[in-house]
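Participant: Can you keep this structure in mind? I'll have questions shortly.
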Amino acid sequence: DEKEALRWYQKAAEQGDGWAWNQIGRAYQNGCGVEKDLKKALEYYLKSAEAGDAEGQVSAGNCFYNGKGVEQNYAQAYQWYRKSADQGNSSGVGNLGLGYEYGRGVEKDLKKAFEYYLKSAEAGDAWGQNSVGLCFYNGKGVEQNYQKAFENLKKSADQGNAIGMANVGLCYETGNGVTKDEKEALRWYQKAAEQGDGWAWNQIGRAYQNGCGVE
């Protein structure tokens, strides 16, 4: 019962529970038990963030980064990601890497981006593992190493990350970091597609068109 869950989150939030404020924000962002309202979502995320909740700080940062419920502001996003990262939150750390990779909210620095992605990955964050894998794959901020790329992408995929799954498929298709295997590539693309990855659907279509990994 989403409305009942929201009622209990509100009771907890009134007692100063930052995590509960974040949950209320998510309810408004996704329209769960309440009418969807991105501005209200941000209001609750900010209450959570200001109460010191690391996840709330990431949520607030995401709103500023993506311009959801507020005008896009990379500098503000970076500040909230930094606060979250300072608490050891792996998502906050990974999002700092994103800022450094693209120069959003901070001066572009690929080496620093890789360092933050690596910290996030080492904390077990699937998105961070995928980002580290891509850095190794493309030689961004670190020397290109397909084997290390595959290892990290596989870790991400094994946690159910759809983008990680699609990238594992790419490794099998190209033979970069692992023995080339078109059937295995197709299997990973299918796993990613089942999670809603659009690029993976495209790769599956191309595989059938070209007869790669299919009967």
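Identifiers in this document derive from the order of the structure tokens: chains are assigned A, B, ..., residues are numbered from 1 separately in each chain, and ligands are numbered from 1 in order of occurrence.
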Might you pull out every residue within 9 Å of Gln76 (chain A), with only C-alpha atoms counted and same-chain residues fewer than 4 positions away left off, and present them as an mmCIF file with N, CA and C atoms, in the first residue's frame?
Facilitator:
```
data_model
loop_
_atom_site.group_PDB
_atom_site.id
_atom_site.type_symbol
_atom_site.label_atom_id
_atom_site.label_comp_id
_atom_site.auth_asym_id
_atom_site.auth_seq_id
_atom_site.Cartn_x
_atom_site.Cartn_y
_atom_site.Cartn_z
ATOM 1 N N ALA A 60 19.344 14.931 -4.338
ATOM 2 C CA ALA A 60 19.314 16.371 -4.600
ATOM 3 C C ALA A 60 20.275 16.706 -5.729
ATOM 4 N N GLY A 61 21.471 16.118 -5.684
ATOM 5 C CA GLY A 61 22.455 16.340 -6.743
ATOM 6 C C GLY A 61 21.932 15.920 -8.102
ATOM 7 N N PHE A 64 19.569 18.558 -9.566
ATOM 8 C CA PHE A 64 20.299 19.703 -10.128
ATOM 9 C C PHE A 64 21.052 19.301 -11.398
ATOM 10 N N TYR A 65 21.603 18.086 -11.408
ATOM 11 C CA TYR A 65 22.377 17.622 -12.569
ATOM 12 C C TYR A 65 21.489 17.465 -13.811
ATOM 13 N N GLN A 72 18.663 23.345 -14.342
ATOM 14 C CA GLN A 72 19.904 22.559 -14.325
ATOM 15 C C GLN A 72 21.064 23.407 -13.799
ATOM 16 N N TRP A 80 26.492 18.781 -3.869
ATOM 17 C CA TRP A 80 25.766 17.741 -3.135
ATOM 18 C C TRP A 80 26.441 16.378 -3.293
ATOM 19 N N TYR A 81 26.960 16.102 -4.496
ATOM 20 C CA TYR A 81 27.683 14.846 -4.686
ATOM 21 C C TYR A 81 28.919 14.804 -3.786
ATOM 22 N N GLY A 105 30.317 21.155 -13.573
ATOM 23 C CA GLY A 105 30.372 21.589 -12.178
ATOM 24 C C GLY A 105 31.777 21.672 -11.641
#
```
Participant: List the neighbours of Ala166 (chain A) out to 7 Å using only C-alpha atoms; skip same-chain residues closer than 3 positions along the sequence, and give me the result as a PyMOL selection string.
Facilitator: chain A and resi 162-163+169-170+188-189+192+200
Participant: Find the residues around Tyr172 (chain A) up to 8 Å (only C-alpha atoms counted), leave out those fewer than 3 positions away in its own chain, and share them as a compact mmCIF listing (two decimals) with C-alpha atoms, in the first residue's frame.
Facilitator:
```txt
# COMPACT_ATOMS: atom_id res chain seq x y z
CA VAL A 168 30.08 -7.44 -21.69
CA GLY A 169 28.26 -8.40 -24.87
CA GLY A 175 37.04 -10.24 -28.66
CA ASN A 176 38.43 -7.39 -26.58
CA VAL A 178 37.96 -12.06 -23.67
CA THR A 179 37.88 -14.79 -26.34
CA LYS A 180 35.56 -13.73 -29.16
CA ASP A 181 32.23 -15.56 -28.97
CA GLU A 182 29.29 -14.21 -30.96
CA GLU A 184 27.87 -15.40 -25.86
CA ALA A 185 27.73 -11.79 -27.05
```
Participant: Find, counting only C-alpha atoms, the residue in A:Val142, A:Leu38, A:Ala51, A:Cys171 that gets nearest to Val70 (chain A).
Facilitator: A:Leu38
Participant: Let me make sure I understand: among A:Gly33, A:Gly211, A:Gly99, A:Gly52, which one has the smallest atom-to-atom distance to Trp21 (chain A) if we use only C-alpha atoms?
Facilitator: A:Gly52
Participant: So that I can check the secondary structure, give me every residue of chain A assigned helix (DSSP H, G or I) by backbone DSSP, as a PyMOL selection string.
Facilitator: chain A and resi 2-14+18-30+38-50+54-66+74-86+90-102+110-122+126-138+146-158+162-174+182-194+198-210
Participant: Using only C-alpha atoms, find the one residue out of A:Asn202, A:Gly97, A:Gln87, A:Val106 that sits nearest to Ala75 (chain A).
Facilitator: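 Of A:Asn202, A:Gly97, A:Gln87, A:Val106, the one nearest Ala75 (chain A) is A:Val106, counting only C-alpha atoms.
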Participant: I'd like the contact shell of Gly213 (chain A) - 7 Å cut-off, only C-alpha atoms, skipping same-chain residues fewer than 4 positions apart - returned as a short mmCIF file (atom, residue, chain, number, x, y, z; two decimals) with N, CA, C and O atoms, in the first residue's frame.
Facilitator:
```
data_model
loop_
_atom_site.label_atom_id
_atom_site.label_comp_id
_atom_site.auth_asym_id
_atom_site.auth_seq_id
_atom_site.Cartn_x
_atom_site.Cartn_y
_atom_site.Cartn_z
N GLU A 182 30.48 -14.95 -30.52
CA GLU A 182 29.29 -14.21 -30.96
C GLU A 182 28.01 -14.72 -30.29
O GLU A 182 27.09 -13.93 -30.02
N LYS A 183 27.94 -16.00 -30.00
CA LYS A 183 26.76 -16.54 -29.31
C LYS A 183 26.67 -15.99 -27.89
O LYS A 183 25.60 -15.64 -27.40
N LEU A 186 25.58 -12.39 -27.99
CA LEU A 186 24.14 -12.27 -28.17
C LEU A 186 23.40 -12.57 -26.86
O LEU A 186 22.42 -11.88 -26.53
N ALA A 207 22.64 -8.42 -35.00
CA ALA A 207 23.13 -9.80 -34.99
C ALA A 207 22.27 -10.69 -35.89
O ALA A 207 22.80 -11.49 -36.67
#
```
